[in-house]
>>> print(open('structure04.cif').read())   # mmCIF, C-alpha atoms
data_my_file
#
loop_
_atom_site.label_atom_id
_atom_site.label_comp_id
_atom_site.auth_asym_id
_atom_site.auth_seq_id
_atom_site.Cartn_x
_atom_site.Cartn_y
_atom_site.Cartn_z
CA MET A 574 -43.08 -15.34 14.99
CA ALA A 575 -44.13 -13.90 18.31
CA ASN A 576 -42.54 -16.92 19.96
CA THR A 577 -39.09 -16.38 18.45
CA ARG A 578 -39.25 -12.75 19.47
CA LYS A 579 -40.01 -13.78 22.99
CA ILE A 580 -37.07 -16.20 23.00
CA ILE A 581 -34.74 -13.50 21.71
CA THR A 582 -35.88 -11.07 24.40
CA LEU A 583 -35.38 -13.70 27.05
CA LEU A 584 -31.92 -14.48 25.66
CA ILE A 585 -30.70 -10.89 26.16
CA PRO A 586 -30.23 -11.22 29.94
CA LEU A 587 -28.45 -14.53 29.40
CA ILE A 588 -26.05 -12.96 26.92
CA ILE A 589 -25.40 -10.03 29.28
CA PHE A 590 -24.78 -12.56 32.03
CA PHE A 591 -22.16 -14.36 29.93
CA ILE A 592 -20.43 -11.11 28.97
CA VAL A 593 -20.23 -10.07 32.63
CA CYS A 594 -18.98 -13.56 33.52
CA PHE A 595 -16.26 -13.30 30.89
CA PHE A 596 -14.89 -10.04 32.31
CA LEU A 597 -15.16 -11.14 35.93
CA PHE A 598 -13.43 -14.42 35.12
CA LYS A 599 -10.65 -12.59 33.31
CA GLY A 600 -10.27 -10.35 36.36
CA LEU A 601 -9.65 -13.41 38.53
CA TYR A 602 -6.45 -14.23 36.68
CA SER A 603 -5.13 -10.81 35.78
CA ASP A 604 -2.54 -9.28 38.07
CA PRO A 605 -3.42 -5.64 38.81
CA ARG A 606 0.21 -5.01 39.73
CA LYS A 607 1.33 -5.62 36.14
CA LEU A 608 1.14 -2.45 34.15
CA ASP A 609 1.88 -1.98 30.48
CA SER A 610 4.74 0.37 29.92
CA ALA A 611 3.76 3.82 28.68
CA LEU A 612 6.92 3.84 26.56
CA ILE A 613 6.11 0.99 24.20
CA GLY A 614 6.85 2.03 20.62
CA GLN A 615 9.13 4.84 21.78
CA SER A 616 12.88 4.96 21.90
CA VAL A 617 14.80 4.71 25.15
CA PRO A 618 14.88 8.15 26.82
CA GLU A 619 18.08 10.17 26.71
CA PHE A 620 20.40 9.68 29.67
CA ARG A 621 24.00 9.83 30.79
CA LEU A 622 25.02 7.23 33.33
CA GLN A 623 28.24 5.84 34.76
CA ASP A 624 29.46 2.33 34.29
CA LEU A 625 28.87 0.22 37.39
CA TYR A 626 32.51 -0.88 37.62
CA ASP A 627 34.21 2.26 36.38
CA PRO A 628 32.88 5.73 37.37
CA GLN A 629 35.07 7.31 34.70
CA LYS A 630 33.23 5.52 31.95
CA GLN A 631 29.91 7.03 30.81
CA TYR A 632 27.16 5.77 28.58
CA ASP A 633 24.24 7.33 26.75
CA ALA A 634 21.20 6.06 24.84
CA SER A 635 23.27 5.10 21.77
CA ILE A 636 24.25 1.79 23.45
CA PHE A 637 20.71 0.53 22.79
CA LYS A 638 21.12 0.73 19.03
CA GLY A 639 22.66 -1.92 16.80
CA GLN A 640 21.17 -5.16 18.09
CA LYS A 641 18.05 -6.35 19.84
CA LEU A 642 18.58 -6.73 23.55
CA LEU A 643 17.12 -6.99 26.99
CA LEU A 644 17.46 -4.19 29.51
CA ASN A 645 17.26 -5.70 32.98
CA VAL A 646 16.57 -3.40 35.93
CA TRP A 647 17.87 -4.87 39.16
CA ALA A 648 19.14 -4.07 42.64
CA THR A 649 20.75 -5.91 45.51
CA TRP A 650 17.86 -4.96 47.83
CA CYS A 651 15.45 -6.85 45.59
CA PRO A 652 14.93 -10.53 46.48
CA THR A 653 13.20 -11.36 43.21
CA CYS A 654 16.30 -10.12 41.37
CA TYR A 655 18.28 -12.76 43.22
CA ALA A 656 15.79 -15.39 42.15
CA GLU A 657 16.03 -14.51 38.48
CA HIS A 658 19.80 -14.01 38.36
CA LYS A 659 20.57 -17.65 37.56
CA PHE A 660 18.25 -17.58 34.60
CA LEU A 661 19.82 -14.35 33.33
CA ASN A 662 23.18 -16.15 33.34
CA GLN A 663 21.64 -18.94 31.29
CA LEU A 664 20.20 -16.45 28.80
CA ALA A 665 23.57 -14.74 28.47
CA GLU A 666 25.20 -18.10 27.80
CA LYS A 667 22.66 -18.72 25.05
CA GLY A 668 23.86 -15.49 23.45
CA VAL A 669 21.10 -13.08 24.43
CA TYR A 670 22.51 -9.56 24.67
CA ILE A 671 21.57 -8.16 28.07
CA ILE A 672 22.28 -4.72 29.45
CA GLY A 673 21.93 -4.39 33.20
CA MET A 674 20.75 -1.30 35.01
CA ASN A 675 21.58 -1.24 38.69
CA TYR A 676 18.71 0.77 40.18
CA LYS A 677 19.00 2.91 43.34
CA ASP A 678 21.66 0.75 44.86
CA ASN A 679 25.07 0.71 46.44
CA ARG A 680 27.97 0.38 44.01
CA GLY A 681 30.12 -1.83 46.25
CA LYS A 682 27.29 -4.23 47.03
CA ALA A 683 26.31 -4.43 43.38
CA ILE A 684 29.85 -5.26 42.23
CA LYS A 685 30.15 -7.92 44.91
CA TRP A 686 26.80 -9.40 43.80
CA LEU A 687 28.00 -9.67 40.20
CA THR A 688 31.39 -11.17 41.11
CA ASP A 689 29.77 -13.74 43.41
CA LEU A 690 26.88 -14.72 41.16
CA ASN A 691 28.45 -14.17 37.73
CA ASP A 692 27.81 -11.19 35.50
CA PRO A 693 25.33 -11.80 32.67
CA TYR A 694 25.43 -8.17 31.49
CA LYS A 695 27.37 -6.92 28.48
CA ILE A 696 27.10 -3.41 29.91
CA SER A 697 26.22 -2.46 33.47
CA LEU A 698 24.70 0.96 34.04
CA PHE A 699 24.73 2.52 37.48
CA ASP A 700 21.52 4.49 38.13
CA LYS A 701 22.04 5.59 41.71
CA ASP A 702 19.29 8.24 41.87
CA GLY A 703 16.90 6.26 39.72
CA MET A 704 16.74 9.04 37.13
CA LEU A 705 16.72 6.75 34.10
CA GLY A 706 14.44 4.49 36.12
CA LEU A 707 11.95 7.33 36.50
CA ASP A 708 12.13 8.21 32.81
CA LEU A 709 11.52 4.56 31.93
CA GLY A 710 8.58 4.37 34.32
CA VAL A 711 10.21 1.70 36.47
CA TYR A 712 7.95 1.05 39.45
CA GLY A 713 9.57 -2.00 40.95
CA ALA A 714 12.59 -4.16 40.29
CA PRO A 715 13.05 -6.47 38.56
CA GLU A 716 11.77 -5.21 35.26
CA THR A 717 13.00 -6.30 31.85
CA TYR A 718 12.60 -4.20 28.74
CA PHE A 719 12.67 -5.70 25.25
CA ILE A 720 14.43 -3.25 22.98
CA ASP A 721 14.86 -3.75 19.24
CA SER A 722 17.93 -2.94 17.17
CA LYS A 723 16.66 0.58 16.48
CA GLY A 724 16.53 1.28 20.20
CA ILE A 725 12.73 1.17 20.39
CA ILE A 726 11.07 -0.33 23.45
CA GLN A 727 8.79 -3.16 22.34
CA TYR A 728 7.71 -4.77 25.58
CA ARG A 729 8.18 -4.69 29.31
CA HIS A 730 8.12 -7.67 31.61
CA VAL A 731 7.53 -6.91 35.30
CA GLY A 732 8.63 -9.53 37.80
CA ASP A 733 11.17 -12.28 37.57
CA LEU A 734 12.38 -13.92 34.39
CA ASN A 735 12.38 -17.68 34.60
CA ALA A 736 12.57 -20.64 32.26
CA ASP A 737 8.81 -21.14 32.39
CA VAL A 738 7.69 -17.64 31.46
CA TRP A 739 10.51 -17.38 28.91
CA ARG A 740 9.41 -20.56 27.13
CA LYS A 741 5.70 -19.70 27.27
CA THR A 742 5.63 -16.12 26.00
CA LEU A 743 8.84 -14.14 26.16
CA SER A 744 11.16 -16.14 23.90
CA ASP A 745 8.68 -15.81 21.02
CA ARG A 746 8.53 -12.11 21.60
CA PHE A 747 12.32 -11.83 21.62
CA GLU A 748 12.73 -13.95 18.47
CA LYS A 749 10.19 -11.87 16.58
CA MET A 750 11.92 -8.59 17.36
CA GLU A 751 14.20 -7.17 14.71
CA MET B 535 -10.70 2.96 87.29
CA LYS B 536 -13.16 4.46 84.80
CA LEU B 537 -11.91 7.95 85.52
CA ALA B 538 -8.34 6.93 84.80
CA LEU B 539 -9.30 5.24 81.54
CA LYS B 540 -10.99 8.21 79.95
CA PRO B 541 -7.98 10.52 79.58
CA LEU B 542 -5.94 7.54 78.46
CA MET B 543 -8.45 6.78 75.72
CA ILE B 544 -8.46 10.39 74.60
CA LEU B 545 -4.68 10.35 74.51
CA LEU B 546 -4.73 7.17 72.42
CA PHE B 547 -7.16 8.69 69.94
CA CYS B 548 -4.77 11.61 69.52
CA PHE B 549 -2.11 9.17 68.38
CA ILE B 550 -4.47 7.56 65.86
CA SER B 551 -5.33 10.83 64.21
CA SER B 552 -1.70 11.82 63.86
CA ALA B 553 -0.90 8.47 62.29
CA ALA B 554 -3.61 8.92 59.66
CA THR B 555 -1.87 11.89 58.09
CA SER B 556 1.05 9.80 56.95
CA ALA B 557 4.06 10.53 54.79
CA ILE B 558 4.76 14.15 55.48
CA ASP B 559 7.99 15.51 54.11
CA SER B 560 9.17 19.02 54.71
CA PHE B 561 8.89 20.77 51.39
CA GLU B 562 9.33 24.51 51.23
CA PHE B 563 7.70 26.69 48.61
CA GLU B 564 8.13 30.28 47.54
CA ASN B 565 4.43 31.04 47.52
CA ALA B 566 1.09 29.65 48.60
CA GLU B 567 -0.01 28.77 45.06
CA GLN B 568 2.93 26.45 44.54
CA ALA B 569 2.31 24.79 47.89
CA GLN B 570 -1.36 24.34 46.98
CA LEU B 571 -0.46 22.96 43.53
CA PHE B 572 1.89 20.46 45.12
CA GLN B 573 -0.81 19.41 47.60
CA ASP B 574 -3.36 18.97 44.81
CA LEU B 575 -0.98 17.03 42.59
CA SER B 576 0.23 14.66 45.27
CA LYS B 577 -3.40 13.84 46.05
CA GLN B 578 -4.46 13.17 42.46
CA LEU B 579 -1.38 11.23 41.37
CA ARG B 580 -1.60 7.54 42.05
CA CYS B 581 1.38 5.55 43.22
CA PRO B 582 2.12 2.91 40.53
CA LYS B 583 3.77 0.54 42.97
CA CYS B 584 1.12 0.41 45.66
CA GLN B 585 -2.44 -0.38 44.74
CA ASN B 586 -4.95 2.40 45.36
CA GLN B 587 -2.92 4.95 47.24
CA ASN B 588 -2.00 8.38 46.04
CA ILE B 589 1.58 9.55 46.29
CA ALA B 590 0.71 11.79 49.26
CA ASP B 591 -0.47 8.85 51.35
CA SER B 592 2.06 6.23 50.39
CA ASN B 593 5.35 5.62 52.12
CA ALA B 594 6.71 3.47 49.27
CA GLU B 595 10.13 4.40 47.91
CA LEU B 596 8.63 5.10 44.52
CA ALA B 597 5.96 7.40 45.99
CA LYS B 598 8.75 9.34 47.71
CA ASP B 599 10.60 9.65 44.39
CA LEU B 600 7.46 10.86 42.67
CA ARG B 601 6.79 13.40 45.41
CA ASN B 602 10.33 14.69 45.05
CA LYS B 603 9.97 14.87 41.29
CA THR B 604 6.62 16.64 41.61
CA TYR B 605 8.19 19.12 44.04
CA GLU B 606 11.06 19.72 41.63
CA LEU B 607 8.69 20.33 38.73
CA VAL B 608 6.46 22.64 40.79
CA LYS B 609 9.54 24.61 41.84
CA GLN B 610 10.50 24.94 38.18
CA GLY B 611 7.16 26.66 37.66
CA LYS B 612 5.53 23.90 35.62
CA SER B 613 1.74 23.95 35.40
CA GLU B 614 -0.58 21.26 36.74
CA ALA B 615 -1.28 19.91 33.24
CA GLN B 616 2.42 19.82 32.38
CA ILE B 617 3.29 17.84 35.49
CA ILE B 618 0.45 15.36 34.94
CA ASP B 619 1.58 14.92 31.33
CA TYR B 620 5.11 14.29 32.55
CA MET B 621 3.92 11.51 34.85
CA VAL B 622 1.53 9.99 32.29
CA ALA B 623 4.33 9.88 29.70
CA ARG B 624 6.31 7.63 32.05
CA PHE B 625 3.75 5.61 33.96
CA GLY B 626 0.70 5.71 31.71
CA ASN B 627 -2.82 6.76 32.65
CA PHE B 628 -2.58 4.49 35.67
CA VAL B 629 -1.04 7.39 37.66
CA ARG B 630 -4.16 9.50 37.27
CA TYR B 631 -7.03 9.12 39.67
CA ASP B 632 -9.14 11.17 37.27
CA PRO B 633 -9.14 9.11 34.08
CA PRO B 634 -9.24 10.89 30.71
CA MET B 635 -11.90 10.05 28.13
CA THR B 636 -10.36 7.52 25.75
CA PRO B 637 -11.90 4.75 23.62
CA ALA B 638 -11.05 2.32 26.43
CA THR B 639 -12.76 4.37 29.15
CA ILE B 640 -15.65 5.89 27.18
CA PHE B 641 -18.00 3.30 28.68
CA LEU B 642 -17.60 4.97 32.09
CA TRP B 643 -19.47 7.98 30.76
CA VAL B 644 -21.73 6.34 28.19
CA GLY B 645 -22.55 3.23 30.24
CA PRO B 646 -24.85 4.81 32.85
CA LEU B 647 -26.61 6.92 30.21
CA LEU B 648 -27.08 3.85 28.06
CA SER B 649 -28.57 1.80 30.86
CA ILE B 650 -30.97 4.62 31.82
CA LEU B 651 -32.00 4.89 28.18
CA LEU B 652 -32.53 1.15 27.92
CA GLY B 653 -34.58 1.22 31.11
CA PHE B 654 -36.89 3.89 29.73
CA LEU B 655 -37.17 2.04 26.43
CA PHE B 656 -38.21 -1.08 28.31
CA LEU B 657 -40.76 0.85 30.38
CA TYR B 658 -42.17 2.50 27.24
CA GLY B 659 -42.53 -0.90 25.58
CA GLN B 660 -44.28 -2.34 28.62
CA ILE B 661 -46.74 0.57 28.82
CA ARG B 662 -47.59 0.32 25.12
CA LYS B 663 -48.10 -3.40 25.43
CA GLN B 664 -50.40 -2.91 28.41
CA ASN B 665 -52.48 -0.30 26.57
CA ARG B 666 -52.85 -2.57 23.58
CA LEU B 667 -54.01 -5.44 25.80
CA ASP B 668 -56.54 -3.21 27.56
CA ASP B 669 -57.97 -2.01 24.25
CA LYS B 670 -58.40 -5.54 22.98
CA LEU B 671 -60.42 -6.57 26.00
CA ASP B 672 -62.65 -3.53 25.67
CA LYS B 673 -63.46 -4.22 22.04
CA GLU B 674 -64.32 -7.85 22.57
CA ASP B 675 -66.32 -7.28 25.67
CA ASP B 676 -67.81 -3.92 24.82
CA ASN B 677 -70.99 -5.25 23.31
CA ARG B 678 -71.45 -7.85 25.98
CA LEU B 679 -70.92 -5.26 28.67
CA ALA B 680 -73.41 -2.91 27.06
CA GLN B 681 -75.93 -5.73 26.75
CA ILE B 682 -75.60 -6.72 30.39
CA LEU B 683 -75.92 -3.14 31.48
CA ASP B 684 -78.92 -2.65 29.25
CA ARG B 685 -80.61 -5.72 30.58
CA LYS B 686 -79.88 -4.65 34.13
CA THR B 687 -81.19 -1.12 33.71
CA ALA B 688 -84.21 -2.51 31.88
CA ARG B 689 -84.84 -4.84 34.79
CA ASP B 690 -84.16 -2.18 37.44
CA LYS B 691 -86.36 0.50 35.94
CA PRO B 692 -89.76 -1.07 36.52
CA GLN B 693 -88.71 -2.05 40.04
CA LYS B 694 -87.66 1.50 40.82
CA LYS B 695 -90.87 2.77 39.40
CA GLY B 696 -92.66 0.23 41.50
CA SER B 697 -90.94 1.27 44.71
CA GLU B 698 -91.69 4.87 44.01
CA GLN B 699 -95.32 4.18 43.79
#
>>> encode(input="structure04.cif", output="structure tokens")
Amino acid sequence: MANTRKIITLLIPLIIFFIVCFFLFKGLYSDPRKLDSALIGQSVPEFRLQDLYDPQKQYDASIFKGQKLLLNVWATWCPTCYAEHKFLNQLAEKGVYIIGMNYKDNRGKAIKWLTDLNDPYKISLFDKDGMLGLDLGVYGAPETYFIDSKGIIQYRHVGDLNADVWRKTLSDRFEKME
Amino acid sequence: MKLALKPLMILLFCFISSAATSAIDSFEFENAEQAQLFQDLSKQLRCPKCQNQNIADSNAELAKDLRNKTYELVKQGKSEAQIIDYMVARFGNFVRYDPPMTPATIFLWVGPLLSILLGFLFLYGQIRKQNRLDDKLDKEDDNRLAQILDRKTARDKPQKKGSEQ
């Protein structure tokens, strides 16, 4: 009886050691630059933005309702956006509805980018001052928001979209959204 | 040579100190309170893009945007709490250098207290154990000790008496 008690007392430091190990190990592989969006579970903030191609045309938050979609935040000054652009084209070909948001950029450069590299976006918003970007909590392009048919933000992916990450986690997430 | 170096060094140090106070924009305020509020806020809001810099220190584009937004909100007469709420609503608690007490962060407050408490509990247990051990020895050896002492005093007494004589 006294022996088992002794063993249990001696096990406590070992258990604490394993718990600490678990968290430290997790820390090794977590990227501190990836933040969860503060807007998950909320609808897309109200805005009024011009179309990238046509300044006369204006959009508001109602474009996010009706079908599930991806909102891709990009800019021509962002090298990672260039890297993911090919994959966005592939997704668009597969029938994924993508809305693009050109973030703090130059209109001419952005239009040239889309004509040269193909345009995967059903709608292209032009957020020159980054006002919608600020309301969305964008802290670095590229960012991709998963928005369901009710216009509610379900997930945010920071960094580039590629076939690997899409197959591993994101495609499941997109399929499950309503 | 040495004489020439000294003023040069001093001059160089002047440059270092001016570089340390980075990212100064020219914001103008109507009164001192607003200026102070802006100063306080830009020091306690963390830049989400750059790790471990507040928006006052960072030169990142995003930090600039946040400074401008903070300035705008201060000018509108918003309070400190309102502006922090505005930022938290968009960027999450990550933007605060002073974390709020939530279920996820409660350990920051309770953790140290808990470990102090555990330490005292351990000490208390050790002391009680020690006392119990001491008592046990006394009981077992009490009689023997008394006997030895008795024998010794019994043996000493006649000798003492003898030496006195």
>>> residues_around(input="structure04.cif", residues="Met704 in chain A", least_positions_apart="5", cutoff="10 Å", atoms="all atoms listed in the file", output="PyMOL selection string")
(chain A and resi 620-622+676-677+709-711) or (chain B and resi 599+603)
>>> residues_around(input="structure04.cif", residues="Asn627 in chain B", least_positions_apart="2", cutoff="12 Å", atoms="only C-alpha atoms", output="PyMOL selection string")
(chain A and resi 608-612+710) or (chain B and resi 578-582+618-625+629-636+638-639)
>>> residues_around(input="structure04.cif", residues="Lys682 in chain A", least_positions_apart="2", cutoff="12 Å", atoms="only C-alpha atoms", output="list in words")
Leu625, Tyr626, Ala648, Thr649, Trp650, Asn675, Lys677, Asp678, Asn679, Arg680, Ile684, Lys685, Trp686, Leu687, Thr688, Asp689 and Phe699 of chain A
>>> write_last_selection(input="structure04.cif", atoms="C-alpha atoms", output="short mmCIF file (atom, residue, chain, number, x, y, z; two decimals), keeping the file's coordinate frame")
data_model
loop_
_atom_site.label_atom_id
_atom_site.label_comp_id
_atom_site.auth_asym_id
_atom_site.auth_seq_id
_atom_site.Cartn_x
_atom_site.Cartn_y
_atom_site.Cartn_z
CA LEU A 625 28.87 0.22 37.39
CA TYR A 626 32.51 -0.88 37.62
CA ALA A 648 19.14 -4.07 42.64
CA THR A 649 20.75 -5.91 45.51
CA TRP A 650 17.86 -4.96 47.83
CA ASN A 675 21.58 -1.24 38.69
CA LYS A 677 19.00 2.91 43.34
CA ASP A 678 21.66 0.75 44.86
CA ASN A 679 25.07 0.71 46.44
CA ARG A 680 27.97 0.38 44.01
CA ILE A 684 29.85 -5.26 42.23
CA LYS A 685 30.15 -7.92 44.91
CA TRP A 686 26.80 -9.40 43.80
CA LEU A 687 28.00 -9.67 40.20
CA THR A 688 31.39 -11.17 41.11
CA ASP A 689 29.77 -13.74 43.41
CA PHE A 699 24.73 2.52 37.48
#
>>> axis_aligned_box(input="structure04.cif", around="range 575-593 of chain B", padding_each_side="3 Å", output="AutoDock Vina command-line options")
--center_x 0.2 --center_y 8.3 --center_z 46.3 --size_x 16.3 --size_y 23.4 --size_z 17.6
>>> atom_distance(input="structure04.cif", atom1="CA of Asp633 in chain A", atom2="CA of Gly673 in chain A")
13.6 Å
>>> resolve_selection(input="structure04.cif", expression="the PyMOL selection byres ((chain A and resi 614) around 8)", output="PyMOL selection string")
chain A and resi 612-613+615-616+725-727
>>> closest_residue(input="structure04.cif", among="A:Asn576, A:Thr582, A:Ser603, A:Ser722", to="chain B", atoms="only C-alpha atoms")
A:Thr582
>>> residues_near_point(input="structure04.cif", point="(11.7, -14.5, 26.6)", cutoff="10 Å", atoms="only C-alpha atoms", output="ChimeraX atom specification")
/A:643,664,669,717,719,730,734-748
>>> closest_residue(input="structure04.cif", among="A:Ala634, A:Ile588, A:Lys607, A:Pro715", to="Cys584 in chain B", atoms="only C-alpha atoms")
A:Lys607
>>> resolve_selection(input="structure04.cif", expression="the PyMOL selection byres ((chain B and resi 562) around 12)", output="number ranges by chain")
B: 559-561, 563-570, 572-573, 602, 605-606, 608-609
>>> atom_distance(input="structure04.cif", atom1="CA of Gly600 in chain A", atom2="CA of Ala590 in chain B")
27.9 Å
>>> closest_residue(input="structure04.cif", among="A:Pro618, A:Lys599, A:Arg578, A:Gly724", to="chain B", atoms="only C-alpha atoms")
A:Pro618
>>> closest_residue(input="structure04.cif", among="A:Glu657, A:Glu751, A:Asp708, A:Asp624", to="chain B", atoms="only C-alpha atoms")
A:Asp708
>>> atom_distance(input="structure04.cif", atom1="CA of Tyr718 in chain A", atom2="CA of Leu644 in chain A")
4.9 Å
>>> residues_around(input="structure04.cif", residues="Arg601 in chain B", least_positions_apart="4", cutoff="7 Å", atoms="all atoms listed in the file", output="short mmCIF file (atom, residue, chain, number, x, y, z; two decimals) with C-alpha atoms, in the frame of the given file")
data_model
loop_
_atom_site.label_atom_id
_atom_site.label_comp_id
_atom_site.auth_asym_id
_atom_site.auth_seq_id
_atom_site.Cartn_x
_atom_site.Cartn_y
_atom_site.Cartn_z
CA SER B 576 0.23 14.66 45.27
CA ILE B 589 1.58 9.55 46.29
CA ALA B 597 5.96 7.40 45.99
CA TYR B 605 8.19 19.12 44.04
#
>>> closest_residue(input="structure04.cif", among="B:Leu596, B:Lys612, B:Ile650, B:Thr687", to="chain A", atoms="all atoms listed in the file")
B:Leu596
>>> closest_residue(input="structure04.cif", among="A:Lys723, A:Phe591, A:Tyr712, A:Met750", to="Lys598 in chain B", atoms="all atoms listed in the file")
A:Tyr712
